[in-house]
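Undergrad: You'll find input_37.cif just under this line, and it carries mmCIF, C-alpha atoms and all ligand atoms.
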```cif
data_start
#
loop_
_atom_site.group_PDB
_atom_site.id
_atom_site.type_symbol
_atom_site.label_atom_id
_atom_site.label_comp_id
_atom_site.auth_asym_id
_atom_site.auth_seq_id
_atom_site.Cartn_x
_atom_site.Cartn_y
_atom_site.Cartn_z
ATOM 1 C CA MET A 1 88.360 16.400 -59.602
ATOM 2 C CA LYS A 2 85.568 14.924 -61.622
ATOM 3 C CA LEU A 3 82.422 14.611 -59.542
ATOM 4 C CA THR A 4 81.017 11.478 -61.125
ATOM 5 C CA GLY A 5 82.130 7.904 -61.850
ATOM 6 C CA ASN A 6 84.432 7.592 -58.826
ATOM 7 C CA THR A 7 84.651 4.872 -56.189
ATOM 8 C CA ILE A 8 84.863 6.802 -52.929
ATOM 9 C CA LEU A 9 85.591 5.771 -49.330
ATOM 10 C CA ILE A 10 84.390 8.267 -46.722
ATOM 11 C CA THR A 11 85.488 7.526 -43.159
ATOM 12 C CA GLY A 12 82.931 8.661 -40.594
ATOM 13 C CA GLY A 13 80.433 8.878 -43.432
ATOM 14 C CA ALA A 14 77.292 7.903 -41.507
ATOM 15 C CA THR A 15 76.665 11.301 -39.908
ATOM 16 C CA GLY A 16 77.265 15.036 -40.228
ATOM 17 C CA ILE A 17 79.646 16.307 -42.890
ATOM 18 C CA GLY A 18 80.634 12.802 -44.025
ATOM 19 C CA PHE A 19 77.035 11.796 -44.617
ATOM 20 C CA ALA A 20 76.222 15.042 -46.461
ATOM 21 C CA LEU A 21 79.198 14.397 -48.758
ATOM 22 C CA ALA A 22 78.230 10.728 -49.147
ATOM 23 C CA HIS A 23 74.656 11.634 -50.078
ATOM 24 C CA ARG A 24 75.774 14.236 -52.623
ATOM 25 C CA PHE A 25 78.430 12.016 -54.196
ATOM 26 C CA SER A 26 76.007 9.093 -54.391
ATOM 27 C CA ASP A 27 73.370 11.259 -56.112
ATOM 28 C CA ASN A 28 76.082 12.381 -58.569
ATOM 29 C CA GLY A 29 76.701 8.833 -59.820
ATOM 30 C CA ASN A 30 79.618 7.699 -57.670
ATOM 31 C CA GLN A 31 79.977 4.392 -55.816
ATOM 32 C CA VAL A 32 80.191 5.522 -52.206
ATOM 33 C CA ILE A 33 81.435 3.407 -49.306
ATOM 34 C CA ILE A 34 81.135 4.781 -45.784
ATOM 35 C CA CYS A 35 82.587 3.463 -42.549
ATOM 36 C CA GLY A 36 82.185 4.178 -38.862
ATOM 37 C CA ARG A 37 82.082 2.442 -35.495
ATOM 38 C CA SER A 38 78.330 2.518 -34.961
ATOM 39 C CA GLN A 39 76.380 -0.133 -36.880
ATOM 40 C CA SER A 40 73.093 1.617 -36.136
ATOM 41 C CA ALA A 41 74.342 4.951 -37.538
ATOM 42 C CA LEU A 42 75.498 3.161 -40.696
ATOM 43 C CA GLU A 43 72.110 1.424 -41.034
ATOM 44 C CA LYS A 44 70.320 4.761 -40.663
ATOM 45 C CA ALA A 45 72.490 6.284 -43.394
ATOM 46 C CA LYS A 46 71.838 3.328 -45.707
ATOM 47 C CA ALA A 47 68.090 3.562 -45.089
ATOM 48 C CA GLU A 48 68.245 7.152 -46.324
ATOM 49 C CA VAL A 49 70.572 6.481 -49.282
ATOM 50 C CA PRO A 50 70.274 2.775 -50.215
ATOM 51 C CA ALA A 51 72.989 2.953 -52.900
ATOM 52 C CA ILE A 52 75.629 3.621 -50.248
ATOM 53 C CA VAL A 53 77.742 0.643 -49.115
ATOM 54 C CA THR A 54 78.518 0.493 -45.396
ATOM 55 C CA ARG A 55 81.289 -1.071 -43.357
ATOM 56 C CA VAL A 56 81.731 -1.138 -39.590
ATOM 57 C CA CYS A 57 85.303 -0.025 -38.947
ATOM 58 C CA ASP A 58 87.172 1.788 -36.207
ATOM 59 C CA VAL A 59 89.886 3.532 -38.206
ATOM 60 C CA ALA A 60 92.009 3.947 -35.065
ATOM 61 C CA ASP A 61 92.021 0.184 -34.452
ATOM 62 C CA THR A 62 94.784 -1.428 -36.517
ATOM 63 C CA ASP A 63 93.061 -4.804 -37.013
ATOM 64 C CA SER A 64 89.700 -3.246 -37.864
ATOM 65 C CA ARG A 65 91.255 -0.788 -40.313
ATOM 66 C CA ARG A 66 93.465 -3.387 -42.015
ATOM 67 C CA ALA A 67 90.494 -5.746 -42.392
ATOM 68 C CA MET A 68 88.594 -2.943 -44.139
ATOM 69 C CA VAL A 69 91.565 -2.237 -46.416
ATOM 70 C CA GLU A 70 91.775 -5.916 -47.457
ATOM 71 C CA TRP A 71 87.998 -6.002 -48.048
ATOM 72 C CA LEU A 72 88.229 -2.833 -50.166
ATOM 73 C CA LYS A 73 91.055 -4.282 -52.271
ATOM 74 C CA ALA A 74 89.006 -7.432 -52.944
ATOM 75 C CA GLU A 75 85.546 -5.898 -53.396
ATOM 76 C CA TYR A 76 86.264 -2.378 -54.684
ATOM 77 C CA PRO A 77 89.548 -2.526 -56.632
ATOM 78 C CA THR A 78 88.546 0.632 -58.549
ATOM 79 C CA LEU A 79 88.685 2.710 -55.332
ATOM 80 C CA ASN A 80 90.127 6.050 -56.423
ATOM 81 C CA VAL A 81 89.022 8.610 -53.805
ATOM 82 C CA VAL A 82 89.668 8.429 -50.060
ATOM 83 C CA ILE A 83 88.063 11.035 -47.830
ATOM 84 C CA ASN A 84 89.618 11.032 -44.352
ATOM 85 C CA ASN A 85 86.692 12.609 -42.537
ATOM 86 C CA ALA A 86 86.267 10.630 -39.262
ATOM 87 C CA GLY A 87 87.031 12.839 -36.292
ATOM 88 C CA VAL A 88 86.289 13.533 -32.650
ATOM 89 C CA GLN A 89 86.572 16.675 -30.550
ATOM 90 C CA VAL A 90 87.159 16.746 -26.786
ATOM 91 C CA ARG A 91 87.097 19.791 -24.509
ATOM 92 C CA ARG A 92 90.147 19.834 -22.250
ATOM 93 C CA ASP A 93 90.645 22.180 -19.308
ATOM 94 C CA PHE A 94 94.256 22.180 -18.172
ATOM 95 C CA THR A 95 93.351 24.335 -15.140
ATOM 96 C CA ALA A 96 91.126 21.531 -13.848
ATOM 97 C CA ASP A 97 90.689 18.096 -15.479
ATOM 98 C CA PRO A 98 92.237 17.793 -18.965
ATOM 99 C CA GLU A 99 90.523 14.395 -19.518
ATOM 100 C CA ILE A 100 93.857 12.726 -20.236
ATOM 101 C CA GLY A 101 92.213 9.308 -20.523
ATOM 102 C CA THR A 102 90.822 10.184 -23.961
ATOM 103 C CA LEU A 103 93.966 11.905 -25.266
ATOM 104 C CA ASP A 104 95.492 9.040 -27.239
ATOM 105 C CA GLN A 105 92.161 8.183 -28.910
ATOM 106 C CA GLU A 106 91.619 11.779 -30.049
ATOM 107 C CA VAL A 107 95.080 11.942 -31.580
ATOM 108 C CA ALA A 108 94.730 8.470 -33.115
ATOM 109 C CA ILE A 109 91.348 9.110 -34.744
ATOM 110 C CA ASN A 110 92.102 12.615 -36.008
ATOM 111 C CA LEU A 111 95.746 12.269 -37.016
ATOM 112 C CA THR A 112 97.458 8.894 -37.043
ATOM 113 C CA ALA A 113 94.560 6.824 -38.429
ATOM 114 C CA PRO A 114 94.273 8.882 -41.651
ATOM 115 C CA ILE A 115 98.047 8.605 -42.157
ATOM 116 C CA HIS A 116 97.931 4.807 -41.699
ATOM 117 C CA LEU A 117 94.939 4.539 -44.023
ATOM 118 C CA ILE A 118 96.667 6.583 -46.719
ATOM 119 C CA ALA A 119 99.802 4.420 -46.479
ATOM 120 C CA GLU A 120 97.706 1.248 -46.678
ATOM 121 C CA LEU A 121 95.589 2.435 -49.636
ATOM 122 C CA LEU A 122 98.324 4.065 -51.727
ATOM 123 C CA PRO A 123 99.036 0.842 -53.693
ATOM 124 C CA THR A 124 95.349 0.726 -54.728
ATOM 125 C CA LEU A 125 95.250 4.450 -55.553
ATOM 126 C CA ARG A 126 98.426 4.170 -57.650
ATOM 127 C CA GLN A 127 96.675 1.679 -59.941
ATOM 128 C CA GLN A 128 93.970 4.186 -60.925
ATOM 129 C CA GLU A 129 94.135 6.620 -63.815
ATOM 130 C CA GLN A 130 92.950 9.453 -61.553
ATOM 131 C CA ALA A 131 92.970 9.332 -57.789
ATOM 132 C CA CYS A 132 92.455 11.750 -54.948
ATOM 133 C CA ILE A 133 93.171 11.819 -51.219
ATOM 134 C CA ILE A 134 90.996 14.294 -49.359
ATOM 135 C CA ASN A 135 91.907 15.120 -45.765
ATOM 136 C CA VAL A 136 89.306 16.909 -43.673
ATOM 137 C CA SER A 137 91.038 19.393 -41.370
ATOM 138 C CA SER A 138 89.246 22.439 -39.925
ATOM 139 C CA GLY A 139 89.266 26.223 -39.917
ATOM 140 C CA LEU A 140 90.711 25.679 -36.430
ATOM 141 C CA ALA A 141 93.850 24.183 -38.030
ATOM 142 C CA PHE A 142 95.015 27.752 -38.694
ATOM 143 C CA SER A 143 93.951 29.434 -35.456
ATOM 144 C CA PRO A 144 92.916 27.315 -32.472
ATOM 145 C CA MET A 145 89.970 27.521 -30.089
ATOM 146 C CA ALA A 146 91.707 27.106 -26.746
ATOM 147 C CA ASP A 147 88.957 24.999 -25.165
ATOM 148 C CA VAL A 148 89.632 22.142 -27.616
ATOM 149 C CA PRO A 149 93.443 22.378 -27.657
ATOM 150 C CA VAL A 150 94.353 18.846 -28.715
ATOM 151 C CA TYR A 151 91.646 18.761 -31.396
ATOM 152 C CA CYS A 152 93.069 21.943 -32.921
ATOM 153 C CA ALA A 153 96.614 20.615 -32.672
ATOM 154 C CA THR A 154 95.610 17.442 -34.559
ATOM 155 C CA LYS A 155 93.945 19.535 -37.270
ATOM 156 C CA ALA A 156 97.030 21.771 -37.597
ATOM 157 C CA ALA A 157 99.031 18.566 -37.994
ATOM 158 C CA VAL A 158 96.611 17.276 -40.654
ATOM 159 C CA HIS A 159 97.131 20.560 -42.529
ATOM 160 C CA SER A 160 100.912 20.254 -42.285
ATOM 161 C CA PHE A 161 100.916 16.572 -43.296
ATOM 162 C CA THR A 162 98.647 17.309 -46.249
ATOM 163 C CA LEU A 163 101.064 19.958 -47.568
ATOM 164 C CA SER A 164 103.965 17.490 -47.398
ATOM 165 C CA LEU A 165 101.997 14.613 -48.908
ATOM 166 C CA ARG A 166 100.863 16.825 -51.813
ATOM 167 C CA HIS A 167 104.489 17.751 -52.426
ATOM 168 C CA GLN A 168 105.666 14.131 -52.310
ATOM 169 C CA LEU A 169 102.924 12.867 -54.642
ATOM 170 C CA LYS A 170 103.032 15.744 -57.126
ATOM 171 C CA SER A 171 104.589 13.667 -59.899
ATOM 172 C CA THR A 172 102.021 10.874 -59.470
ATOM 173 C CA GLY A 173 98.438 10.835 -60.700
ATOM 174 C CA ILE A 174 97.229 11.186 -57.109
ATOM 175 C CA ARG A 175 95.880 14.586 -56.079
ATOM 176 C CA VAL A 176 96.002 15.567 -52.420
ATOM 177 C CA VAL A 177 93.326 17.962 -51.199
ATOM 178 C CA GLU A 178 92.613 19.544 -47.827
ATOM 179 C CA VAL A 179 89.023 20.333 -46.902
ATOM 180 C CA ALA A 180 88.754 22.796 -44.004
ATOM 181 C CA PRO A 181 85.150 23.098 -42.814
ATOM 182 C CA PRO A 182 83.914 26.114 -40.866
ATOM 183 C CA ILE A 183 81.461 25.576 -37.957
ATOM 184 C CA VAL A 184 78.999 23.012 -39.278
ATOM 185 C CA ASP A 185 75.811 21.956 -37.483
ATOM 186 C CA THR A 186 76.688 18.346 -36.578
ATOM 187 C CA GLY A 187 77.030 16.243 -33.445
ATOM 188 C CA LEU A 188 80.802 16.856 -33.253
ATOM 189 C CA GLY A 189 81.898 17.324 -29.649
ATOM 190 C CA GLY A 190 78.416 16.484 -28.334
ATOM 191 C CA LYS A 191 76.617 18.967 -26.097
ATOM 192 C CA THR A 192 79.885 20.607 -25.048
ATOM 193 C CA ARG A 193 81.093 21.401 -28.578
ATOM 194 C CA SER A 194 83.418 24.343 -28.936
ATOM 195 C CA GLY A 195 81.641 27.536 -30.021
ATOM 196 C CA GLY A 196 78.246 26.252 -28.818
ATOM 197 C CA THR A 197 75.357 25.105 -30.980
ATOM 198 C CA ALA A 198 73.847 28.479 -31.866
ATOM 199 C CA ASN A 199 76.843 30.110 -33.503
ATOM 200 C CA GLN A 200 75.814 32.567 -36.202
ATOM 201 C CA MET A 201 78.661 31.403 -38.455
ATOM 202 C CA MET A 202 77.369 27.815 -38.368
ATOM 203 C CA VAL A 203 76.298 26.260 -41.690
ATOM 204 C CA THR A 204 74.267 23.137 -42.388
ATOM 205 C CA PRO A 205 76.069 19.968 -43.530
ATOM 206 C CA GLU A 206 74.070 20.119 -46.777
ATOM 207 C CA ASP A 207 75.146 23.711 -47.577
ATOM 208 C CA PHE A 208 78.692 22.803 -46.641
ATOM 209 C CA ALA A 209 78.650 19.807 -49.018
ATOM 210 C CA THR A 210 77.298 21.927 -51.895
ATOM 211 C CA GLU A 211 80.117 24.462 -51.544
ATOM 212 C CA ALA A 212 82.771 21.798 -50.960
ATOM 213 C CA LEU A 213 81.800 19.869 -54.111
ATOM 214 C CA SER A 214 81.888 23.034 -56.156
ATOM 215 C CA GLN A 215 85.439 23.813 -54.944
ATOM 216 C CA LEU A 216 86.505 20.187 -55.500
ATOM 217 C CA GLU A 217 85.216 20.383 -59.062
ATOM 218 C CA ALA A 218 87.250 23.575 -59.516
ATOM 219 C CA ASP A 219 90.365 21.555 -58.548
ATOM 220 C CA LYS A 220 91.205 23.619 -55.472
ATOM 221 C CA ASP A 221 94.066 22.157 -53.413
ATOM 222 C CA GLU A 222 92.484 23.681 -50.323
ATOM 223 C CA VAL A 223 88.713 23.712 -49.999
ATOM 224 C CA LEU A 224 88.064 26.618 -47.616
ATOM 225 C CA VAL A 225 84.409 27.156 -46.780
ATOM 226 C CA GLY A 226 82.952 30.136 -44.873
ATOM 227 C CA VAL A 227 85.023 31.397 -41.958
ATOM 228 C CA SER A 228 87.805 28.887 -42.741
ATOM 229 C CA ALA A 229 88.944 31.154 -45.583
ATOM 230 C CA LYS A 230 89.441 33.892 -42.978
ATOM 231 C CA THR A 231 91.346 31.745 -40.470
ATOM 232 C CA ARG A 232 93.510 30.394 -43.321
ATOM 233 C CA GLU A 233 94.313 33.954 -44.416
ATOM 234 C CA LEU A 234 94.861 35.520 -40.993
ATOM 235 C CA GLY A 235 96.053 32.477 -38.997
ATOM 236 C CA GLU A 236 96.958 33.095 -35.382
ATOM 237 C CA ALA A 237 96.196 36.806 -35.749
ATOM 238 C CA MET A 238 92.579 35.654 -35.193
ATOM 239 C CA PHE A 239 93.420 33.874 -31.921
ATOM 240 C CA GLU A 240 92.608 36.626 -29.399
ATOM 241 C CA ARG A 241 89.369 37.596 -31.169
ATOM 242 C CA MET A 242 88.176 33.981 -31.428
ATOM 243 C CA ASN A 243 89.021 33.124 -27.848
ATOM 244 C CA SER A 244 87.749 36.276 -26.163
ATOM 245 C CA ARG A 245 84.277 35.225 -27.353
ATOM 246 C CA ALA A 246 84.641 31.728 -25.895
HETATM 247 N N1 LIG B 301 81.222 20.175 -37.437
HETATM 248 C C1 LIG B 301 82.149 21.122 -37.490
HETATM 249 O O1 LIG B 301 81.911 22.276 -37.081
HETATM 250 C C2 LIG B 301 83.505 20.822 -38.066
HETATM 251 C C3 LIG B 301 84.366 21.890 -38.330
HETATM 252 C C4 LIG B 301 85.616 21.631 -38.837
HETATM 253 C C5 LIG B 301 86.004 20.323 -39.110
HETATM 254 N N2 LIG B 301 85.151 19.303 -38.852
HETATM 255 C C6 LIG B 301 85.600 17.944 -39.135
HETATM 256 O O2 LIG B 301 84.675 17.281 -39.966
HETATM 257 C C7 LIG B 301 84.781 15.876 -39.764
HETATM 258 C C8 LIG B 301 83.390 15.291 -39.588
HETATM 259 O O3 LIG B 301 82.850 15.765 -38.367
HETATM 260 P P1 LIG B 301 81.305 16.125 -38.179
HETATM 261 O O4 LIG B 301 81.244 17.526 -37.767
HETATM 262 O O5 LIG B 301 80.532 15.675 -39.337
HETATM 263 O O6 LIG B 301 80.960 15.300 -36.839
HETATM 264 P P2 LIG B 301 80.190 13.913 -36.645
HETATM 265 O O7 LIG B 301 78.826 13.977 -37.185
HETATM 266 O O8 LIG B 301 80.384 13.563 -35.204
HETATM 267 O O9 LIG B 301 81.010 12.920 -37.571
HETATM 268 C C9 LIG B 301 82.166 12.260 -37.184
HETATM 269 C C10 LIG B 301 82.077 10.855 -37.743
HETATM 270 O O10 LIG B 301 83.324 10.201 -37.496
HETATM 271 C C11 LIG B 301 83.030 8.873 -37.101
HETATM 272 N N3 LIG B 301 84.144 8.372 -36.316
HETATM 273 C C12 LIG B 301 84.628 8.857 -35.157
HETATM 274 N N4 LIG B 301 85.624 8.092 -34.719
HETATM 275 C C13 LIG B 301 85.770 7.100 -35.616
HETATM 276 C C14 LIG B 301 86.646 5.994 -35.709
HETATM 277 N N5 LIG B 301 87.562 5.741 -34.765
HETATM 278 N N6 LIG B 301 86.540 5.173 -36.786
HETATM 279 C C15 LIG B 301 85.608 5.400 -37.733
HETATM 280 N N7 LIG B 301 84.754 6.445 -37.702
HETATM 281 C C16 LIG B 301 84.836 7.273 -36.642
HETATM 282 C C17 LIG B 301 81.741 8.965 -36.297
HETATM 283 O O11 LIG B 301 81.024 7.741 -36.304
HETATM 284 P P3 LIG B 301 81.143 6.672 -35.098
HETATM 285 O O12 LIG B 301 81.124 7.443 -33.817
HETATM 286 O O13 LIG B 301 79.972 5.774 -35.313
HETATM 287 O O14 LIG B 301 82.429 5.964 -35.323
HETATM 288 C C18 LIG B 301 80.985 10.027 -37.073
HETATM 289 O O15 LIG B 301 80.164 9.438 -38.079
HETATM 290 C C19 LIG B 301 85.696 15.683 -38.548
HETATM 291 O O16 LIG B 301 87.007 15.366 -38.978
HETATM 292 C C20 LIG B 301 85.685 17.050 -37.909
HETATM 293 O O17 LIG B 301 86.846 17.307 -37.160
HETATM 294 C C21 LIG B 301 83.904 19.519 -38.344
#
```
How does this structure look as structure tokens?
TA:
Amino acid sequence: MKLTGNTILITGGATGIGFALAHRFSDNGNQVIICGRSQSALEKAKAEVPAIVTRVCDVADTDSRRAMVEWLKAEYPTLNVVINNAGVQVRRDFTADPEIGTLDQEVAINLTAPIHLIAELLPTLRQQEQACIINVSSGLAFSPMADVPVYCATKAAVHSFTLSLRHQLKSTGIRVVEVAPPIVDTGLGGKTRSGGTANQMMVTPEDFATEALSQLEADKDEVLVGVSAKTRELGEAMFERMNSRA
């Protein structure tokens, strides 16, 4: 995809990977719109990159998401790139307490919300000369970490859905791309994140964004950064090795 002159929505763009992408795309001459649930996180992002437009939106809340879609259609009719990046990760221990109370939210944020958003924004994307849907999955889509089982299952589903969507839209002008990050140093999962916070394979959000943009520019259907290339290649053959370390 071209890296300049786009109008880009990044869900969960106030922090971590989303913010690193937002910052880079904004510097490259794109109109960037970010959304998230926390007003203060959005304000902090805007203070750092004033050209970014912010919108409070919970993508898993139907009314909130639809209100954002209507606002986008009215205010940003040239929207041509949607980056489904918002995500959460919850540790679940099925030998003790699997935290079932947060199950539906995790699935909704990581899987069903991006599908709804794509369906709702397709009419806008179809009007553009060039458009792109970018779904952020994970290296864990291809081989799970067992301590975050539902998270990994949602990311495997995002991978599968992205393959089908790409196939269905292949005769349209809309490209469908999967971005599978490796372990990136963000707040994902909080203090109990899978793999810990001092993993030697961890990369910074800024380094991740640099590599991701370079693969996007090269028109890769699957942007595989760092260890994600390995899990994509070897799949579940990596499972025992990954989980014996955990
Ligand atoms: N970090 C990694 O190692 C890693 C590896 C592979 C894949 N990923 C994926 O990369 C994406 C970004 O994660 P990150 O690592 O950058 O973590 P992060 O800093 O926690 O970013 C997640 C963002 O999503 C937003 N979000 C969560 N629920 C939302 C909702 N319902 N509606 C709107 N926004 C919502 C959060 O903002 P609010 O809480 O304010 O809403 C936050 O800004 C996720 O899809 C994650 O699964 C991350």
Undergrad: Choose the residue, out of A:Trp71, A:Phe208, A:Tyr151, A:Tyr76, that has the smallest atom-to-atom separation from Ala20 (chain A); count all atoms listed in the file.
TA: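 The answer is A:Phe208, which sits nearest to Ala20 (chain A).
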Undergrad: I need every residue sitting at most 12 Å from the point (95.1, 14.3, -19.9) (coordinates as in the file, only C-alpha atoms considered), written as a PyMOL selection string.
TA: chain A and resi 90-107+149-150
Undergrad: With C-alpha atoms retained, could you export that selection as a short mmCIF file (atom, residue, chain, number, x, y, z; two decimals), in the coordinates of the input?
TA:
```
data_model
loop_
_atom_site.label_atom_id
_atom_site.label_comp_id
_atom_site.auth_asym_id
_atom_site.auth_seq_id
_atom_site.Cartn_x
_atom_site.Cartn_y
_atom_site.Cartn_z
CA VAL A 90 87.16 16.75 -26.79
CA ARG A 91 87.10 19.79 -24.51
CA ARG A 92 90.15 19.83 -22.25
CA ASP A 93 90.64 22.18 -19.31
CA PHE A 94 94.26 22.18 -18.17
CA THR A 95 93.35 24.34 -15.14
CA ALA A 96 91.13 21.53 -13.85
CA ASP A 97 90.69 18.10 -15.48
CA PRO A 98 92.24 17.79 -18.96
CA GLU A 99 90.52 14.40 -19.52
CA ILE A 100 93.86 12.73 -20.24
CA GLY A 101 92.21 9.31 -20.52
CA THR A 102 90.82 10.18 -23.96
CA LEU A 103 93.97 11.90 -25.27
CA ASP A 104 95.49 9.04 -27.24
CA GLN A 105 92.16 8.18 -28.91
CA GLU A 106 91.62 11.78 -30.05
CA VAL A 107 95.08 11.94 -31.58
CA PRO A 149 93.44 22.38 -27.66
CA VAL A 150 94.35 18.85 -28.72
#
```
Undergrad: Can you work out which one of A:Ser214, A:Asn84, A:Gln127, A:Asn28 has the shortest atom-to-atom distance to Ile10 (chain A), counting all atoms listed in the file?
TA: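 For Ile10 (chain A), the nearest of the candidates is A:Asn84.
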Undergrad: At a cut-off of 7 Å around ligand LIG 301 (chain B), and using only C-alpha atoms and all ligand atoms, what residues come up? Please write them as number ranges by chain.
TA: A: 11-18, 35-38, 41, 57-60, 85-89, 109-110, 136-140, 180-189
Undergrad: Could you list the residues chosen by the PyMOL selection byres (((chain A and resi 4) around 8) and not hetatm) in this structure as a PDB file with C-alpha atoms, in the coordinates of the input?
TA:
```
ATOM      1  CA  LYS A   2      85.568  14.924 -61.622  1.00  0.00           C
ATOM      2  CA  LEU A   3      82.422  14.611 -59.542  1.00  0.00           C
ATOM      3  CA  GLY A   5      82.130   7.904 -61.850  1.00  0.00           C
ATOM      4  CA  ASN A   6      84.432   7.592 -58.826  1.00  0.00           C
ATOM      5  CA  PHE A  25      78.430  12.016 -54.196  1.00  0.00           C
ATOM      6  CA  ASN A  28      76.082  12.381 -58.569  1.00  0.00           C
ATOM      7  CA  GLY A  29      76.701   8.833 -59.820  1.00  0.00           C
ATOM      8  CA  ASN A  30      79.618   7.699 -57.670  1.00  0.00           C
TER       9      ASN A  30
END
```
Undergrad: Fewer than 4 positions away in the same chain doesn't count, so skip those; otherwise give me all residues within 12 Å of Pro123 (chain A), counting all atoms listed in the file, as a tab-separated table (two decimals) with C-alpha atoms, keeping the file's coordinate frame.
TA:
```
chain	number	residue	atom	x	y	z
A	69	VAL	CA	91.56	-2.24	-46.42
A	70	GLU	CA	91.78	-5.92	-47.46
A	72	LEU	CA	88.23	-2.83	-50.17
A	73	LYS	CA	91.06	-4.28	-52.27
A	77	PRO	CA	89.55	-2.53	-56.63
A	78	THR	CA	88.55	0.63	-58.55
A	79	LEU	CA	88.68	2.71	-55.33
A	80	ASN	CA	90.13	6.05	-56.42
A	117	LEU	CA	94.94	4.54	-44.02
A	118	ILE	CA	96.67	6.58	-46.72
A	119	ALA	CA	99.80	4.42	-46.48
A	127	GLN	CA	96.68	1.68	-59.94
A	128	GLN	CA	93.97	4.19	-60.92
A	131	ALA	CA	92.97	9.33	-57.79
A	172	THR	CA	102.02	10.87	-59.47
A	174	ILE	CA	97.23	11.19	-57.11
```
Undergrad: Quick one: pull the distance between CA of Ala212 (chain A) and CA of Glu75 (chain A), Å, one decimal.
TA: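 For CA of Ala212 (chain A) relative to CA of Glu75 (chain A), the distance reads 27.9 Å.
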Undergrad: Under the rule that only C-alpha atoms are counted, which of A:Thr112, A:Gln168, A:Ser40, A:Gln31 is the nearest residue to Thr62 (chain A)?
TA: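 Between A:Thr112, A:Gln168, A:Ser40, A:Gln31, the residue approaching Thr62 (chain A) most closely is A:Thr112.
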Undergrad: How far is it from CA of Ala157 (chain A) to CA of Ser228 (chain A), in Å with one decimal?
TA: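 Distance reported for this atom pair: 16.0 Å.
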Undergrad: Which is closer to His23 (chain A) than all the others in A:Glu178, A:Glu211, A:Glu206, A:Asp63, using all atoms listed in the file?
TA: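 With all atoms listed in the file as the atom set, the closest residue is A:Glu206.
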Undergrad: May I ask which of the residues A:Thr204, A:Ser26, A:Gln215, A:Ser194 is the closest one to Pro144 (chain A), counting only C-alpha atoms?
TA: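 Ranked by minimum distance to Pro144 (chain A), first place goes to A:Ser194.
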Undergrad: List the neighbours of Ile52 (chain A) out to 6 Å using only C-alpha atoms; skip same-chain residues closer than 5 positions along the sequence, and give me the result as a list in words.
TA: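 In the requested format, the answer is Val32, Ile33 and Lys46 of chain A.
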